[in-house]
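Enquirer: Let me give you the structure first, and then I'll get to my questions.
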Amino acid sequence: MTESFPFHSWMPKPVGVAVLLALFVPLFFSGGTYLSNINEMAGSMGVLTEEFQFLSLCASIGMSMVFPFMVPYLRGRNVKAVYIGGYAVLALLNVVCAVSRNLPLLALCCFLIGFVRVALVLNTTFVIAPYVLGINTLDMFLHDPATASEAYRGEHARTVLMPVLYCYILCIVQFSNFVSAWVAYEFSWEYTYWLVVGMMLAAILLVMLTFCNAPSQGCRLSSSRLPDAVLLVVAMGALCYMLVFGKTLDWFDSRSMRVALAVAAIGGGLYLWLAAHTAERPLLEAGVFGHRYTWYGIGIFVLLMLVNSSTLFVTTYLKLSTCAGNLDSARVSCWAMPGCVAGMALSLVCVRCRVHFRYIYAMGFALMLGANLYMFFHYQTMGDYGHTIPPTLLHYSGMLVLYSVTCAFAMKRLPARYFATWLFLMVAVRNVVVPAIGTSVYANWLQERQRHYATRLAYDYSADRQQAAARFAAVEAGGKRLGRGAVEAAQTASAAVLGPVAKQATLVAMKDITGSTVWICAGGALLCMLLPYHRGERT
């Protein structure tokens, strides 16, 4: 195998690195669904916005299900063939998403998009290190290090690599959110899918021109694992359905909620039974839970993604107090990119200075605390666009620090056979379960606080209050002069009088919840400081 593999021998190495980095871009533009366009998509199709939140989680479920199969896939793949086939499949799936209005079909497409996307990300990631550094990164999934110094070198390399990789990926994701919002604003939301299809075809052309052919060893996947995988997917999908639609369908008063609960319980129970009675190597290695740092990593990701759900208040505040649209919200999200770069730089400095993990974690939660504290003091009825920029920078700086370091930290002293299982747990917890729980918690929390404060603020709004009665009479009279009936004019007047109350109640509710989030961040930082670590723990 030549030094320039997988490229042709005439390819300069810097150009090869640029090609590999460019191949990431279309992957993270293809998300199956685009939450920055959620209102346009839901309005065009005449469905609930929760449908698209669920579709987004389906894509995340697909992302997580690659990792149980990653080792045989990476050992047997043909790099060029995987690229061409994968990008072609993603192009086809995006065409279906652009033209279809069938929600079950869209859910399947989103799942497959997530699955294929991560398979291609792994294909690129496991080419970059051998190509640039001459290191066979697959060996760390197959063999345990022979000495303690060799183990530390691998752990230190992962701690350096993860901030850079996550920063690059998150910047692409945030930029894709802006592009999709701009395309929906200037043209139509369907055009985003056609843009992605064009990017996939361009990626195929780039691969065909620059990559050389290589023999394939054949990807041997055990068919005995497929029932376990299907049951796990069904259980996670049912759980996400309950959490996303619970508020809208009034939880277990709805028959579909009860069915989803039964499916999640039966699917999860059958998976556990099969895992306990499988003679061959199981889909997931249960021994990973005996590793202390696995629990540390899961706990930190739970806290991180729970707090991360509070970012919906930034866009809600922007639209409520400045009358901004989706494109303006997407512009604010672009400030996440310098925030991620700052978080990457901070992480690398900490690793370079060999700062203890406890202080890195506390610093990450402190940055997110600062973002929520800033918002707490800036909620107002007449807001300013600039007020949403500092919390975005602070939040994504802290998130990048916690994202990247936790992934590497939980793999310390972890036997190689458990690596794939940990990566599955990380993505399933970080991208599927906790975002669904966090979104549900904050949505229900906001609804309850809105109702509470709306009742309090509207207490004095009665026909006996002179100011309210005068405004009601003026708007009602204006509606009648425009030709509206008495009932319609009265409804318009009621909305005009109580509209400011509802707006104020929402802002006060968000302020209340943001204050509680500040305490959650403070508790997370304190907990990370108090956890017992290994005495010689180093980055």
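Chain lettering (A, B, ...) mirrors the order of the structure tokens, residue numbering begins at 1 for each chain separately, and ligand numbering begins at 1 in order of display.
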Tell me, as number ranges by chain, which residues lie within 8 Å of range 297-313 of chain A, counting only C-alpha atoms; anything in the same chain fewer than 2 positions away does not count.

Expert: A: 293-295, 315-317, 365, 399, 402-403, 406-407, 409-410, 425-426, 429-430, 434-435, 437-439, 442, 510, 514, 517, 520-521, 524

Enquirer: The selected residues should be written to file as a compact mmCIF listing (two decimals), in the first residue's frame (atoms: N, CA, C and O atoms).

Expert:
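So the final result, stored in again.txt, reads:
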# COMPACT_ATOMS: atom_id res chain seq x y z
N TYR A 293 -15.28 5.41 34.65
CA TYR A 293 -15.31 6.61 33.83
C TYR A 293 -16.45 6.61 32.83
O TYR A 293 -16.84 7.65 32.32
N THR A 294 -16.98 5.42 32.51
CA THR A 294 -18.18 5.37 31.66
C THR A 294 -19.34 6.10 32.33
O THR A 294 -20.05 6.89 31.69
N TRP A 295 -19.52 5.86 33.61
CA TRP A 295 -20.61 6.53 34.35
C TRP A 295 -20.34 8.03 34.47
O TRP A 295 -21.26 8.83 34.41
N THR A 315 -33.62 31.71 20.92
CA THR A 315 -34.37 31.98 19.70
C THR A 315 -35.79 32.42 20.01
O THR A 315 -36.35 33.28 19.33
N THR A 316 -36.40 31.83 21.06
CA THR A 316 -37.75 32.25 21.44
C THR A 316 -37.76 33.71 21.87
O THR A 316 -38.64 34.49 21.47
N TYR A 317 -36.78 34.10 22.67
CA TYR A 317 -36.67 35.50 23.11
C TYR A 317 -36.43 36.42 21.93
O TYR A 317 -37.03 37.51 21.84
N PHE A 365 -18.91 24.00 32.50
CA PHE A 365 -20.21 24.34 33.09
C PHE A 365 -20.26 25.80 33.52
O PHE A 365 -21.33 26.43 33.47
N MET A 399 -19.92 24.27 25.74
CA MET A 399 -20.40 23.01 25.20
C MET A 399 -19.29 22.27 24.47
O MET A 399 -19.14 21.05 24.60
N LEU A 402 -16.92 20.61 26.97
CA LEU A 402 -17.49 19.41 27.59
C LEU A 402 -17.68 18.30 26.56
O LEU A 402 -17.45 17.12 26.85
N TYR A 403 -18.12 18.66 25.36
CA TYR A 403 -18.32 17.69 24.29
C TYR A 403 -17.06 16.88 24.04
O TYR A 403 -17.07 15.65 24.01
N THR A 406 -15.01 15.10 27.34
CA THR A 406 -15.72 13.98 27.97
C THR A 406 -15.61 12.71 27.14
O THR A 406 -15.45 11.61 27.69
N CYS A 407 -15.68 12.86 25.83
CA CYS A 407 -15.58 11.69 24.96
C CYS A 407 -14.25 10.97 25.17
O CYS A 407 -14.19 9.75 25.31
N PHE A 409 -12.18 11.39 27.80
CA PHE A 409 -12.00 11.03 29.21
C PHE A 409 -12.63 9.68 29.54
O PHE A 409 -12.05 8.86 30.25
N ALA A 410 -13.83 9.43 29.01
CA ALA A 410 -14.53 8.19 29.33
C ALA A 410 -13.85 6.97 28.71
O ALA A 410 -14.16 5.84 29.09
N LEU A 425 -23.06 4.37 23.29
CA LEU A 425 -23.69 4.99 24.46
C LEU A 425 -23.57 6.50 24.41
O LEU A 425 -24.52 7.22 24.74
N MET A 426 -22.42 7.00 23.99
CA MET A 426 -22.21 8.44 23.93
C MET A 426 -23.21 9.10 22.98
O MET A 426 -23.87 10.08 23.34
N VAL A 429 -26.95 8.64 24.23
CA VAL A 429 -27.28 9.51 25.35
C VAL A 429 -27.26 10.97 24.93
O VAL A 429 -28.17 11.74 25.21
N ARG A 430 -26.19 11.36 24.23
CA ARG A 430 -25.96 12.77 23.91
C ARG A 430 -26.87 13.29 22.80
O ARG A 430 -27.28 14.45 22.82
N VAL A 434 -31.19 12.11 25.88
CA VAL A 434 -31.20 13.32 26.70
C VAL A 434 -31.76 14.53 25.95
O VAL A 434 -32.52 15.32 26.54
N PRO A 435 -31.45 14.75 24.64
CA PRO A 435 -32.14 15.85 23.95
C PRO A 435 -33.66 15.70 23.95
O PRO A 435 -34.38 16.69 24.10
N ILE A 437 -35.44 14.12 26.27
CA ILE A 437 -35.87 14.42 27.64
C ILE A 437 -35.77 15.92 27.91
O ILE A 437 -36.70 16.53 28.47
N GLY A 438 -34.65 16.53 27.53
CA GLY A 438 -34.45 17.95 27.79
C GLY A 438 -35.48 18.82 27.10
O GLY A 438 -36.03 19.75 27.71
N THR A 439 -35.75 18.53 25.83
CA THR A 439 -36.76 19.31 25.10
C THR A 439 -38.13 19.16 25.75
O THR A 439 -38.88 20.13 25.89
N TYR A 442 -38.13 21.11 29.23
CA TYR A 442 -38.18 22.57 29.10
C TYR A 442 -39.48 23.03 28.45
O TYR A 442 -40.01 24.08 28.81
N MET A 510 -39.65 32.46 31.08
CA MET A 510 -38.30 32.12 30.62
C MET A 510 -37.25 32.62 31.60
O MET A 510 -36.24 31.93 31.83
N THR A 514 -34.67 30.16 33.34
CA THR A 514 -33.24 30.43 33.14
C THR A 514 -32.53 30.57 34.47
O THR A 514 -31.38 30.11 34.63
N THR A 517 -31.85 27.20 35.63
CA THR A 517 -30.78 26.60 34.84
C THR A 517 -29.42 27.06 35.33
O THR A 517 -28.44 26.30 35.29
N ILE A 520 -28.57 24.81 38.02
CA ILE A 520 -28.21 23.49 37.50
C ILE A 520 -26.76 23.49 37.02
O ILE A 520 -25.99 22.56 37.29
N CYS A 521 -26.36 24.56 36.31
CA CYS A 521 -24.97 24.67 35.84
C CYS A 521 -24.01 24.75 37.03
O CYS A 521 -22.94 24.12 37.02
N GLY A 524 -23.68 21.37 38.44
CA GLY A 524 -22.84 20.52 37.60
C GLY A 524 -21.36 20.81 37.80
O GLY A 524 -20.54 19.89 37.90

Enquirer: Set the distance at 10 Å and use only C-alpha atoms: which residues neighbour Cys212 in chain A once local chain neighbours fewer than 2 positions away are removed? I'd like the list as a VMD selection string.

Expert: chain A and resid 4 to 9 79 to 80 207 to 210 214

Enquirer: Have a look at CA of Gln450 in chain A and CA of Leu507 in chain A and let me know their distance in Å, one decimal.

Expert: 8.5 Å

Enquirer: Report, in Å with one decimal, the straight-line distance from CA of Phe289 in chain A to CA of Phe419 in chain A.

Expert: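 If I compute the distance from CA of Phe289 in chain A to CA of Phe419 in chain A, I get 11.9 Å.
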
Enquirer: When you look at Asn123 in chain A with a cut-off of 10 Å (counting only C-alpha atoms), what residues show up, excluding the ones that are within fewer than 4 positions of it in the same chain? I need them as a ChimeraX atom specification.

Expert: /A:20,70,73-74,77-80,82-83,117-119,127-128

Enquirer: Please dump the current selection as a compact mmCIF listing (two decimals), in the first residue's frame; keep N, CA, C and O atoms.

Expert:
# COMPACT_ATOMS: atom_id res chain seq x y z
N LEU A 20 -10.12 15.43 2.02
CA LEU A 20 -10.76 14.69 3.12
C LEU A 20 -11.60 15.61 4.00
O LEU A 20 -12.71 15.25 4.41
N MET A 70 -19.26 -1.13 13.78
CA MET A 70 -18.20 -0.35 13.16
C MET A 70 -16.91 -1.14 12.94
O MET A 70 -16.22 -0.93 11.94
N TYR A 73 -17.07 -3.38 9.91
CA TYR A 73 -17.24 -2.47 8.76
C TYR A 73 -15.92 -1.80 8.39
O TYR A 73 -15.52 -1.76 7.22
N LEU A 74 -15.19 -1.28 9.39
CA LEU A 74 -13.94 -0.58 9.12
C LEU A 74 -12.86 -1.54 8.64
O LEU A 74 -11.99 -1.16 7.84
N ARG A 77 -14.02 -2.57 4.71
CA ARG A 77 -14.54 -1.60 3.74
C ARG A 77 -13.53 -1.33 2.63
O ARG A 77 -12.32 -1.44 2.81
N ASN A 78 -14.05 -0.95 1.48
CA ASN A 78 -13.27 -0.38 0.39
C ASN A 78 -13.53 1.12 0.41
O ASN A 78 -14.66 1.57 0.20
N VAL A 79 -12.50 1.91 0.72
CA VAL A 79 -12.67 3.33 0.99
C VAL A 79 -13.39 4.04 -0.16
O VAL A 79 -14.37 4.77 0.04
N LYS A 80 -12.93 3.85 -1.38
CA LYS A 80 -13.52 4.55 -2.53
C LYS A 80 -14.95 4.09 -2.78
O LYS A 80 -15.85 4.90 -3.02
N VAL A 82 -17.07 2.79 -0.68
CA VAL A 82 -17.95 3.26 0.39
C VAL A 82 -18.36 4.71 0.13
O VAL A 82 -19.53 5.08 0.29
N TYR A 83 -17.41 5.54 -0.27
CA TYR A 83 -17.72 6.93 -0.56
C TYR A 83 -18.74 7.05 -1.69
O TYR A 83 -19.76 7.75 -1.57
N ARG A 117 -24.66 8.58 7.06
CA ARG A 117 -23.82 9.74 7.31
C ARG A 117 -22.68 9.39 8.27
O ARG A 117 -21.52 9.73 8.02
N VAL A 118 -22.99 8.73 9.38
CA VAL A 118 -21.94 8.38 10.34
C VAL A 118 -21.00 7.32 9.76
O VAL A 118 -19.79 7.33 10.03
N ALA A 119 -21.52 6.41 8.95
CA ALA A 119 -20.64 5.43 8.30
C ALA A 119 -19.61 6.14 7.43
O ALA A 119 -18.42 5.77 7.41
N VAL A 127 -9.37 7.43 7.76
CA VAL A 127 -8.42 7.62 6.67
C VAL A 127 -7.45 8.75 6.99
O VAL A 127 -6.27 8.69 6.65
N ILE A 128 -7.94 9.78 7.69
CA ILE A 128 -7.12 10.97 7.94
C ILE A 128 -5.87 10.64 8.74
O ILE A 128 -4.75 11.03 8.37

Enquirer: Using only C-alpha atoms, which of the listed residues (A:Gly154, A:Pro282, A:Gly46, A:Gly32) sits closest to Ala107 in chain A?

Expert: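 Selected residue with least distance to Ala107 in chain A: A:Gly32.
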
Enquirer: Determine the nearest neighbour of Cys171 in chain A from the options A:Pro391, A:Pro14, A:Gly325, A:Gly343, counting only C-alpha atoms.

Expert: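 Ranking A:Pro391, A:Pro14, A:Gly325, A:Gly343 by distance to Cys171 in chain A, first place goes to A:Gly343.
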
Enquirer: With only C-alpha atoms as the basis for distance, which of A:Phe175, A:Tyr166, A:Phe67, A:Phe28 is at the shortest distance from Val341 in chain A?

Expert: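 Using only C-alpha atoms, Val341 in chain A sits closest to A:Tyr166.
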
Enquirer: May I ask which of the residues A:Val179, A:Met363, A:Val349, A:Leu239 is the closest one to Arg331 in chain A, counting only C-alpha atoms?

Expert: A:Val179

Enquirer: Between CA of Val427 in chain A and CA of Ser64 in chain A, what is the distance in Å, rounded to a tenth?

Expert: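 Distance between the two atoms: 5.4 Å.
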
Enquirer: Looking at only C-alpha atoms, which of A:Ala202, A:Val401, A:Val432, A:Val132 is the one that sits closest to Cys340 in chain A?

Expert: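 Of all the options, A:Val401 lies closest to Cys340 in chain A.
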